[in-house]
Amino acid sequence: MQLDVDITGKTFQNAAGERHEVLTGLKFSLQSGQVAVFFGPSGCGKSTMLRILLGLDHDFQGHVTRPAKARAGMVFQEPRLLPWRSVEENVRLAAPDIDETKLSALFKLLELDAHRSHYPGELSLGLARRVALARAFAVEPDILVLDEPLASLDDALANRLREEIAMLVSSRTMITLLVTHNLDDAVRLADRVFLLSARPARILADLPVRTPRHARGDAEIAAIKASILRRASIAVADRSVS
Ligand SMILES: Nc1ncnc2c1ncn2[C@@H]1O[C@H](COP(=O)(O)OP(=O)(O)OP(=O)(O)O)[C@@H](O)[C@H]1O
Ligand SMILES: [Mg+2]
């Protein structure tokens, strides 16, 4: 299964009627089993790109080829749970056919057992994010999209949730796209790191991370981070002279 992306342009109109270019030059292909992490400045167009990839926004130049009948699971920047439905109902609505064994395993892994009957208004942001993750995985996705799933969580919770995401990602063969502002997340989870420019977003560098996720120790992670930062500064310098 493969996802082919070639976005040559995307503009938004502001309230004054002026058009702003948000995306330009995003071309890449991803195969099943790959985890692509997108790393770029705030406002550069990452969420806009994800919406286009998922087929939620058709107003752009270029083309995106998603595998036929691919199921998508997504965690938006805001958890977007239905407030009048319990945790369990939120997940079951997305995946009506899920069996109890799978659902229980998912709730157990994400430590949501005690919250099945709670309503979104009773949850902390970290819990709500975990419910959004459970919902995305419950659909058994072929394409998983995670838009800053660890943002604004404390370090301990972010670390735990990152481990849980790593476990879920390796439990299923799918195409995963993850947006983050955190280089640690990028290096711990990615098979490929895409560095994006400021708006309008284009790909500055496409960096493979070749060491398997489970074999990345602290020293290796520090080395990969340093190499990404080096490549990023070269890419930014190249861009500023071109
Ligand atoms: N519906 C819209 N109408 C007009 N402008 C929009 C719309 N959605 C996004 N934009 C603008 O497009 C640009 C990119 O927004 P987007 O949300 O994709 O950025 P982002 O990279 O995800 O940022 P962040 O890291 O802060 O989440 C921003 O300047 C934003 O203001
Ligand atoms: Mg965003």
# chains A, B, ... in the order shown; residues from 1 in each chain; ligands from 1
$ closest_atom_pairs --of "chain A" --to "ligand 1" --cutoff "8 Å" --atoms "only C-alpha atoms and all ligand atoms" --output "CSV"
residue,atom,partner,partner_atom_place_in_ligand_line,distance
A:Thr11,CA,ligand 1,12 (O),7.9
A:Phe12,CA,ligand 1,4 (C),4.8
A:Gln13,CA,ligand 1,4 (C),5.6
A:Asn14,CA,ligand 1,4 (C),5.5
A:His20,CA,ligand 1,12 (O),7.8
A:Val22,CA,ligand 1,13 (C),5.5
A:Gly40,CA,ligand 1,21 (O),6.8
A:Pro41,CA,ligand 1,25 (O),6.1
A:Ser42,CA,ligand 1,25 (O),3.4
A:Gly43,CA,ligand 1,23 (O),3.4
A:Cys44,CA,ligand 1,21 (O),4.0
A:Gly45,CA,ligand 1,18 (O),3.2
A:Lys46,CA,ligand 1,21 (O),3.7
A:Ser47,CA,ligand 1,22 (O),3.7
A:Thr48,CA,ligand 1,18 (O),3.7
A:Met49,CA,ligand 1,18 (O),6.4
A:Gln77,CA,ligand 1,27 (O),7.2
A:Asp147,CA,ligand 1,27 (O),7.9
A:Glu148,CA,ligand 1,27 (O),7.7
A:Thr180,CA,ligand 1,25 (O),7.8
A:His181,CA,ligand 1,25 (O),7.2
A:Arg199,CA,ligand 1,13 (C),7.0
$ residues_around --residues "A:Leu127" --least-positions-apart "6" --cutoff "12 Å" --atoms "only C-alpha atoms" --output "PDB file with C-alpha atoms, in the first residue's frame"
ATOM      1  CA  PRO A  79      -9.069  15.736  20.655  1.00  0.00           C
ATOM      2  CA  LEU A  81     -14.556  14.033  21.179  1.00  0.00           C
ATOM      3  CA  VAL A  87     -15.338   7.524  26.334  1.00  0.00           C
ATOM      4  CA  PHE A 107      -8.188   0.643  26.691  1.00  0.00           C
ATOM      5  CA  LEU A 110      -3.754   3.370  26.829  1.00  0.00           C
ATOM      6  CA  GLU A 111      -4.648   3.127  30.528  1.00  0.00           C
ATOM      7  CA  LEU A 112      -8.250   4.123  29.933  1.00  0.00           C
ATOM      8  CA  ASP A 113      -9.923   1.191  31.713  1.00  0.00           C
ATOM      9  CA  ALA A 114     -11.132   3.311  34.589  1.00  0.00           C
ATOM     10  CA  HIS A 115     -12.533   5.978  32.272  1.00  0.00           C
ATOM     11  CA  ARG A 116     -14.766   3.982  29.915  1.00  0.00           C
ATOM     12  CA  HIS A 118     -16.613   9.031  31.772  1.00  0.00           C
ATOM     13  CA  TYR A 119     -17.639  11.931  29.564  1.00  0.00           C
ATOM     14  CA  PRO A 120     -15.086  14.121  27.731  1.00  0.00           C
ATOM     15  CA  GLY A 121     -15.820  17.051  30.073  1.00  0.00           C
ATOM     16  CA  LEU A 133      -5.718   7.736  20.021  1.00  0.00           C
ATOM     17  CA  ALA A 134      -7.909   4.795  21.052  1.00  0.00           C
ATOM     18  CA  PRO A 149      -0.551  14.212  19.771  1.00  0.00           C
ATOM     19  CA  LEU A 150       1.893  15.018  22.600  1.00  0.00           C
ATOM     20  CA  LEU A 153       1.450  17.410  28.054  1.00  0.00           C
ATOM     21  CA  LEU A 157       3.032  11.881  30.379  1.00  0.00           C
ATOM     22  CA  ALA A 158       4.421  12.798  26.948  1.00  0.00           C
ATOM     23  CA  LEU A 161       2.268   8.336  25.588  1.00  0.00           C
TER      24      LEU A 161
END
$ atom_distance --atom1 "atom CA of A:Phe38" --atom2 "atom CA of A:Arg80"
21.5 Å
$ closest_residue --among "A:Ala198, A:Ile165, A:Ala237, A:Ala215" --to "A:Glu21" --atoms "only C-alpha atoms"
A:Ala198
